[in-house]
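Working notes for the structure below.
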Amino acid sequence: MEVVQVLHMNGGNGKTSYAQNSLLQQKVISKSKRVIKEAVANLYNNNSPKTVAIVDFGCSSGPNTLFAVSEIIEAIEKICGESPEYNVFLVDLPSNDFNSVFKSLLPDFQRKMKEYTKGQCFVSGTPGSFHGRLFPTNTLHFAYSSSSLHWLSQVPRGLESNKGNIYINSTSPSNIVKEYCSQFQKDFLMFLECRSKEMRIGGYMVLTFLGRRNNDPSAKECCYLWELLAMALNQLVLEGMIDEEKFNSFNIPFYAPSPLEVKCQVDKQGSFCTDKLEIYEHDWNECRNEFDPSEATKDVGIIFANFIKSGMEPLIINHFGFQEAVIDEVFNRYSSIVNDCMAKEKNEFVYFILSITKKDD
């Protein structure tokens, strides 16, 4: 699977668009505000740049796209003596809905900037993969990424024996776990290596992404949502609606690392100092309020399914070639399975907030 070409959140503003199903990600950004403010304060303790280059890796499209950037600029304005100029770069894969960002979101952002900064703010889109170089050497002062680094650059190779699963599972052969771990290590190391060249000395990165507290890569806290989606797909295989061979060859380009794995890769790359690595949990059963607060009585399974569908639909359609009716049925089954699960047990998302600083060479 060419992930660079097909991985993107659903564009537009429909009921299964990322714009309508991204309140959880907004909460993740809000959780990182304190860490952002601390990083900005440290940045300005070391120097006071007249032009600040800020990048959001994995900006997507929708109400969150410029939310983190706004928080970063607001934090800078509160501590700087004179407003700098801002160069803001929005990075995502070429398939991202950049037209929506610049047509619908940028005008409001620019009006907001005029209210609390005297500095000029220049915003540009940078389509490309953050697993490669995107900016000239020594360009960036502050980098941010939210809910993106758990996506891999490609589906790991050698997963043919992972039949009946679409991700790591307790039933997966040991080589499956090894391949996923190896791909994450390679990708995260490459991300750090590229940023080490693009970041200025003393520059900061604040990164949030899905992870796990458990050292076991097949732990339920990071695998269960994909196990339930595999169950929905498998139901349709048994009913002849999905080709079994197609199902067995489908795997998610995703990995939820442990804190130790993250720290090891930062240390191995060597260009950054780890300032913070915070972990927090988010209960699945809070989905009703987090994802769709205007419809508090709505079936929580449907809300959860729409949330997953907003990110997974392009990958599934690309692999299976589903018509709309089939993709709808997949997520109808998924919503029912999730409802049953939530009624019986508590499950959580685990998120990391990582703050790192570019070392002096």
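For the structure tokens, the naming scheme is as follows: chains receive sequential letters (A, B, ...) according to their order of presentation, residues are indexed from 1 within each chain, and ligands are indexed from 1 in presentation order.
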Go through region 51-224 of chain A and collect every residue that DSSP, computed from the backbone, puts in helix (DSSP H, G or I); the answer should be as an MDAnalysis selection string.
chainID A and resid 67:79 98:116 174:198 220:224
Residue subset to file, keeping C-alpha atoms, as a JSON list (two decimals), in the first residue's frame:
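Result written to again_10.json:
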```json
[["chain", "number", "residue", "atom", "x", "y", "z"],
["A", 67, "PHE", "CA", -5.87, 25.52, 16.61],
["A", 68, "ALA", "CA", -2.41, 24.43, 17.80],
["A", 69, "VAL", "CA", -0.68, 27.17, 15.82],
["A", 70, "SER", "CA", -2.97, 29.74, 17.47],
["A", 71, "GLU", "CA", -1.99, 28.40, 20.89],
["A", 72, "ILE", "CA", 1.72, 28.60, 20.04],
["A", 73, "ILE", "CA", 1.50, 32.18, 18.75],
["A", 74, "GLU", "CA", -0.64, 33.27, 21.71],
["A", 75, "ALA", "CA", 1.95, 31.80, 24.10],
["A", 76, "ILE", "CA", 4.74, 33.69, 22.31],
["A", 77, "GLU", "CA", 2.81, 36.98, 22.40],
["A", 78, "LYS", "CA", 2.37, 36.73, 26.18],
["A", 79, "ILE", "CA", 6.10, 36.61, 26.86],
["A", 98, "PHE", "CA", -5.64, 21.81, 1.65],
["A", 99, "ASN", "CA", -8.28, 23.65, -0.40],
["A", 100, "SER", "CA", -10.66, 23.53, 2.55],
["A", 101, "VAL", "CA", -7.94, 24.79, 4.90],
["A", 102, "PHE", "CA", -7.11, 27.86, 2.86],
["A", 103, "LYS", "CA", -10.61, 28.64, 1.66],
["A", 104, "SER", "CA", -12.60, 28.10, 4.86],
["A", 105, "LEU", "CA", -10.20, 28.30, 7.81],
["A", 106, "LEU", "CA", -7.42, 30.72, 6.96],
["A", 107, "PRO", "CA", -9.54, 33.91, 6.77],
["A", 108, "ASP", "CA", -10.82, 33.46, 10.34],
["A", 109, "PHE", "CA", -7.31, 32.66, 11.56],
["A", 110, "GLN", "CA", -5.90, 35.80, 9.95],
["A", 111, "ARG", "CA", -8.60, 37.95, 11.55],
["A", 112, "LYS", "CA", -7.83, 36.39, 14.93],
["A", 113, "MET", "CA", -4.11, 37.06, 14.51],
["A", 114, "LYS", "CA", -4.76, 40.77, 13.96],
["A", 115, "GLU", "CA", -6.54, 40.90, 17.32],
["A", 116, "TYR", "CA", -3.60, 39.81, 19.46],
["A", 174, "SER", "CA", 5.86, -13.16, 16.82],
["A", 175, "ASN", "CA", 7.30, -12.02, 13.49],
["A", 176, "ILE", "CA", 4.28, -9.72, 13.01],
["A", 177, "VAL", "CA", 5.06, -7.88, 16.23],
["A", 178, "LYS", "CA", 8.72, -7.67, 15.23],
["A", 179, "GLU", "CA", 7.91, -6.19, 11.81],
["A", 180, "TYR", "CA", 5.58, -3.54, 13.26],
["A", 181, "CYS", "CA", 8.12, -2.58, 15.95],
["A", 182, "SER", "CA", 10.89, -2.39, 13.37],
["A", 183, "GLN", "CA", 8.85, -0.17, 11.05],
["A", 184, "PHE", "CA", 8.01, 2.25, 13.87],
["A", 185, "GLN", "CA", 11.65, 2.45, 14.95],
["A", 186, "LYS", "CA", 12.75, 3.13, 11.39],
["A", 187, "ASP", "CA", 10.05, 5.77, 10.81],
["A", 188, "PHE", "CA", 10.44, 7.61, 14.10],
["A", 189, "LEU", "CA", 14.21, 7.65, 13.75],
["A", 190, "MET", "CA", 13.86, 9.08, 10.24],
["A", 191, "PHE", "CA", 11.41, 11.72, 11.51],
["A", 192, "LEU", "CA", 13.91, 12.79, 14.19],
["A", 193, "GLU", "CA", 16.83, 12.72, 11.75],
["A", 194, "CYS", "CA", 15.06, 14.99, 9.29],
["A", 195, "ARG", "CA", 13.94, 17.39, 12.01],
["A", 196, "SER", "CA", 17.46, 17.49, 13.46],
["A", 197, "LYS", "CA", 18.60, 19.15, 10.25],
["A", 198, "GLU", "CA", 15.60, 21.46, 9.89],
["A", 220, "LYS", "CA", -5.43, -4.44, 24.57],
["A", 221, "GLU", "CA", -5.10, -0.69, 25.24],
["A", 222, "CYS", "CA", -3.52, -0.10, 21.83],
["A", 223, "CYS", "CA", -4.95, -2.94, 19.72],
["A", 224, "TYR", "CA", -8.58, -3.40, 20.71]]
```
Enumerate, as a PyMOL selection string, the complete set of residues in region 129-249 of chain A that a backbone-based DSSP assignment places in strand (DSSP E or B).
chain A and resi 140-146+151+199-210
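Here CA of Pro253 (chain A) stands at a distance of 7.2 Å from CA of Ser153 (chain A).
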Neighbours of Ile54 (chain A) within 9 Å (only C-alpha atoms; same-chain residues fewer than 4 positions away dropped), as a PyMOL selection string?
chain A and resi 69+72-73+86-90+140-144
What lies within 9 Å of Met342 (chain A) using only C-alpha atoms, ignoring chain neighbours under 3 positions off, as a ChimeraX atom specification?
/A:284-285,300-301,337-339,345-347
Go ahead and save the picked residues with N, CA, C and O atoms, as a PDB file, in the first residue's frame.
```pdb
ATOM      1  N   TRP A 284     -13.087   5.437  26.413  1.00  0.00           N
ATOM      2  CA  TRP A 284     -13.960   5.319  25.235  1.00  0.00           C
ATOM      3  C   TRP A 284     -15.385   5.785  25.532  1.00  0.00           C
ATOM      4  O   TRP A 284     -16.046   6.353  24.669  1.00  0.00           O
ATOM      5  N   ASN A 285     -15.856   5.528  26.725  1.00  0.00           N
ATOM      6  CA  ASN A 285     -17.244   5.854  27.048  1.00  0.00           C
ATOM      7  C   ASN A 285     -17.513   7.350  27.137  1.00  0.00           C
ATOM      8  O   ASN A 285     -18.665   7.762  27.259  1.00  0.00           O
ATOM      9  N   VAL A 300     -23.865   5.754  21.045  1.00  0.00           N
ATOM     10  CA  VAL A 300     -22.433   6.020  21.196  1.00  0.00           C
ATOM     11  C   VAL A 300     -21.610   5.184  20.223  1.00  0.00           C
ATOM     12  O   VAL A 300     -20.544   5.610  19.775  1.00  0.00           O
ATOM     13  N   GLY A 301     -22.095   3.995  19.868  1.00  0.00           N
ATOM     14  CA  GLY A 301     -21.390   3.172  18.895  1.00  0.00           C
ATOM     15  C   GLY A 301     -21.312   3.850  17.540  1.00  0.00           C
ATOM     16  O   GLY A 301     -20.277   3.768  16.853  1.00  0.00           O
ATOM     17  N   ILE A 337     -20.743  -3.656  17.322  1.00  0.00           N
ATOM     18  CA  ILE A 337     -19.714  -4.365  18.096  1.00  0.00           C
ATOM     19  C   ILE A 337     -19.168  -3.466  19.198  1.00  0.00           C
ATOM     20  O   ILE A 337     -18.968  -3.893  20.337  1.00  0.00           O
ATOM     21  N   VAL A 338     -18.926  -2.196  18.862  1.00  0.00           N
ATOM     22  CA  VAL A 338     -18.415  -1.236  19.853  1.00  0.00           C
ATOM     23  C   VAL A 338     -19.426  -1.030  20.966  1.00  0.00           C
ATOM     24  O   VAL A 338     -19.066  -0.965  22.151  1.00  0.00           O
ATOM     25  N   ASN A 339     -20.697  -0.929  20.612  1.00  0.00           N
ATOM     26  CA  ASN A 339     -21.748  -0.775  21.636  1.00  0.00           C
ATOM     27  C   ASN A 339     -21.727  -1.938  22.621  1.00  0.00           C
ATOM     28  O   ASN A 339     -21.800  -1.744  23.842  1.00  0.00           O
ATOM     29  N   GLU A 345     -17.377  -3.466  29.339  1.00  0.00           N
ATOM     30  CA  GLU A 345     -16.064  -3.198  29.902  1.00  0.00           C
ATOM     31  C   GLU A 345     -15.596  -1.786  29.612  1.00  0.00           C
ATOM     32  O   GLU A 345     -16.119  -1.117  28.724  1.00  0.00           O
ATOM     33  N   LYS A 346     -14.605  -1.357  30.370  1.00  0.00           N
ATOM     34  CA  LYS A 346     -14.001  -0.044  30.188  1.00  0.00           C
ATOM     35  C   LYS A 346     -12.772  -0.171  29.304  1.00  0.00           C
ATOM     36  O   LYS A 346     -11.943  -1.054  29.491  1.00  0.00           O
ATOM     37  N   ASN A 347     -12.667   0.722  28.316  1.00  0.00           N
ATOM     38  CA  ASN A 347     -11.491   0.760  27.454  1.00  0.00           C
ATOM     39  C   ASN A 347     -11.023   2.203  27.313  1.00  0.00           C
ATOM     40  O   ASN A 347     -11.828   3.140  27.401  1.00  0.00           O
TER      41      ASN A 347
END
```
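Residue nearest Leu236 (chain A), chosen from A:Lys358, A:Lys33, A:Arg333, A:Lys344 and counting only C-alpha atoms: A:Arg333.
Comparing A:Phe57, A:Tyr280, A:Phe320, A:Phe349 by their smallest distance to Leu149 (chain A), the closest is A:Phe57 (using only C-alpha atoms).
Between CA of Val350 (chain A) and CA of Met199 (chain A) there is a distance of 27.9 Å.
Counting only C-alpha atoms, the residue from A:Val262, A:Ala41, A:Ile201, A:Ile252 that sits nearest to Glu313 (chain A) is A:Ile252.
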Nearby residues (only C-alpha atoms) at most 9 Å from Ala305 (chain A), same-chain spacing under 2 positions excluded, as a PDB file with N, CA, C and O atoms, in the first residue's frame:
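In the end it all went to result.pdb:
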```pdb
ATOM      1  N   THR A  16     -19.359  12.077   8.267  1.00  0.00           N
ATOM      2  CA  THR A  16     -18.195  11.226   8.551  1.00  0.00           C
ATOM      3  C   THR A  16     -16.891  11.913   8.154  1.00  0.00           C
ATOM      4  O   THR A  16     -15.865  11.263   7.981  1.00  0.00           O
ATOM      5  N   VAL A 300     -23.865   5.754  21.045  1.00  0.00           N
ATOM      6  CA  VAL A 300     -22.433   6.020  21.196  1.00  0.00           C
ATOM      7  C   VAL A 300     -21.610   5.184  20.223  1.00  0.00           C
ATOM      8  O   VAL A 300     -20.544   5.610  19.775  1.00  0.00           O
ATOM      9  N   GLY A 301     -22.095   3.995  19.868  1.00  0.00           N
ATOM     10  CA  GLY A 301     -21.390   3.172  18.895  1.00  0.00           C
ATOM     11  C   GLY A 301     -21.312   3.850  17.540  1.00  0.00           C
ATOM     12  O   GLY A 301     -20.277   3.768  16.853  1.00  0.00           O
ATOM     13  N   ILE A 302     -22.372   4.514  17.127  1.00  0.00           N
ATOM     14  CA  ILE A 302     -22.381   5.231  15.850  1.00  0.00           C
ATOM     15  C   ILE A 302     -21.402   6.397  15.891  1.00  0.00           C
ATOM     16  O   ILE A 302     -20.656   6.643  14.937  1.00  0.00           O
ATOM     17  N   ILE A 303     -21.387   7.123  17.012  1.00  0.00           N
ATOM     18  CA  ILE A 303     -20.471   8.247  17.166  1.00  0.00           C
ATOM     19  C   ILE A 303     -19.029   7.761  17.065  1.00  0.00           C
ATOM     20  O   ILE A 303     -18.203   8.344  16.365  1.00  0.00           O
ATOM     21  N   PHE A 307     -16.183   8.416  14.052  1.00  0.00           N
ATOM     22  CA  PHE A 307     -14.855   8.915  14.398  1.00  0.00           C
ATOM     23  C   PHE A 307     -13.775   8.070  13.708  1.00  0.00           C
ATOM     24  O   PHE A 307     -12.859   8.610  13.075  1.00  0.00           O
ATOM     25  N   ILE A 308     -13.860   6.755  13.811  1.00  0.00           N
ATOM     26  CA  ILE A 308     -12.872   5.874  13.175  1.00  0.00           C
ATOM     27  C   ILE A 308     -12.995   5.936  11.653  1.00  0.00           C
ATOM     28  O   ILE A 308     -11.995   5.962  10.929  1.00  0.00           O
ATOM     29  N   LYS A 309     -14.215   5.998  11.170  1.00  0.00           N
ATOM     30  CA  LYS A 309     -14.444   6.038   9.719  1.00  0.00           C
ATOM     31  C   LYS A 309     -13.831   7.288   9.092  1.00  0.00           C
ATOM     32  O   LYS A 309     -13.330   7.247   7.960  1.00  0.00           O
ATOM     33  N   SER A 310     -13.824   8.403   9.811  1.00  0.00           N
ATOM     34  CA  SER A 310     -13.298   9.656   9.263  1.00  0.00           C
ATOM     35  C   SER A 310     -11.819   9.540   8.910  1.00  0.00           C
ATOM     36  O   SER A 310     -11.316  10.274   8.056  1.00  0.00           O
ATOM     37  N   PHE A 331     -19.171  -0.215   8.804  1.00  0.00           N
ATOM     38  CA  PHE A 331     -19.172   0.623  10.000  1.00  0.00           C
ATOM     39  C   PHE A 331     -20.482   0.528  10.780  1.00  0.00           C
ATOM     40  O   PHE A 331     -20.503   0.841  11.972  1.00  0.00           O
ATOM     41  N   ASN A 332     -21.559   0.074  10.135  1.00  0.00           N
ATOM     42  CA  ASN A 332     -22.760  -0.269  10.902  1.00  0.00           C
ATOM     43  C   ASN A 332     -22.472  -1.460  11.814  1.00  0.00           C
ATOM     44  O   ASN A 332     -22.859  -1.469  12.998  1.00  0.00           O
ATOM     45  N   TYR A 334     -19.511  -2.353  12.830  1.00  0.00           N
ATOM     46  CA  TYR A 334     -18.521  -1.879  13.797  1.00  0.00           C
ATOM     47  C   TYR A 334     -19.198  -1.146  14.962  1.00  0.00           C
ATOM     48  O   TYR A 334     -18.857  -1.362  16.133  1.00  0.00           O
ATOM     49  N   SER A 335     -20.166  -0.298  14.649  1.00  0.00           N
ATOM     50  CA  SER A 335     -20.846   0.458  15.708  1.00  0.00           C
ATOM     51  C   SER A 335     -21.573  -0.483  16.668  1.00  0.00           C
ATOM     52  O   SER A 335     -21.573  -0.262  17.889  1.00  0.00           O
ATOM     53  N   VAL A 338     -18.926  -2.196  18.862  1.00  0.00           N
ATOM     54  CA  VAL A 338     -18.415  -1.236  19.853  1.00  0.00           C
ATOM     55  C   VAL A 338     -19.426  -1.030  20.966  1.00  0.00           C
ATOM     56  O   VAL A 338     -19.066  -0.965  22.151  1.00  0.00           O
TER      57      VAL A 338
END
```
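Restricting the calculation to only C-alpha atoms, the smallest distance between Ser60 (chain A) and any of A:Ser30, A:Asn42, A:Ser95, A:Ser83 is found for A:Ser95.
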Correct to one decimal, the distance CA of Ser249 (chain A)-CA of Ser336 (chain A) is 24.4 Å
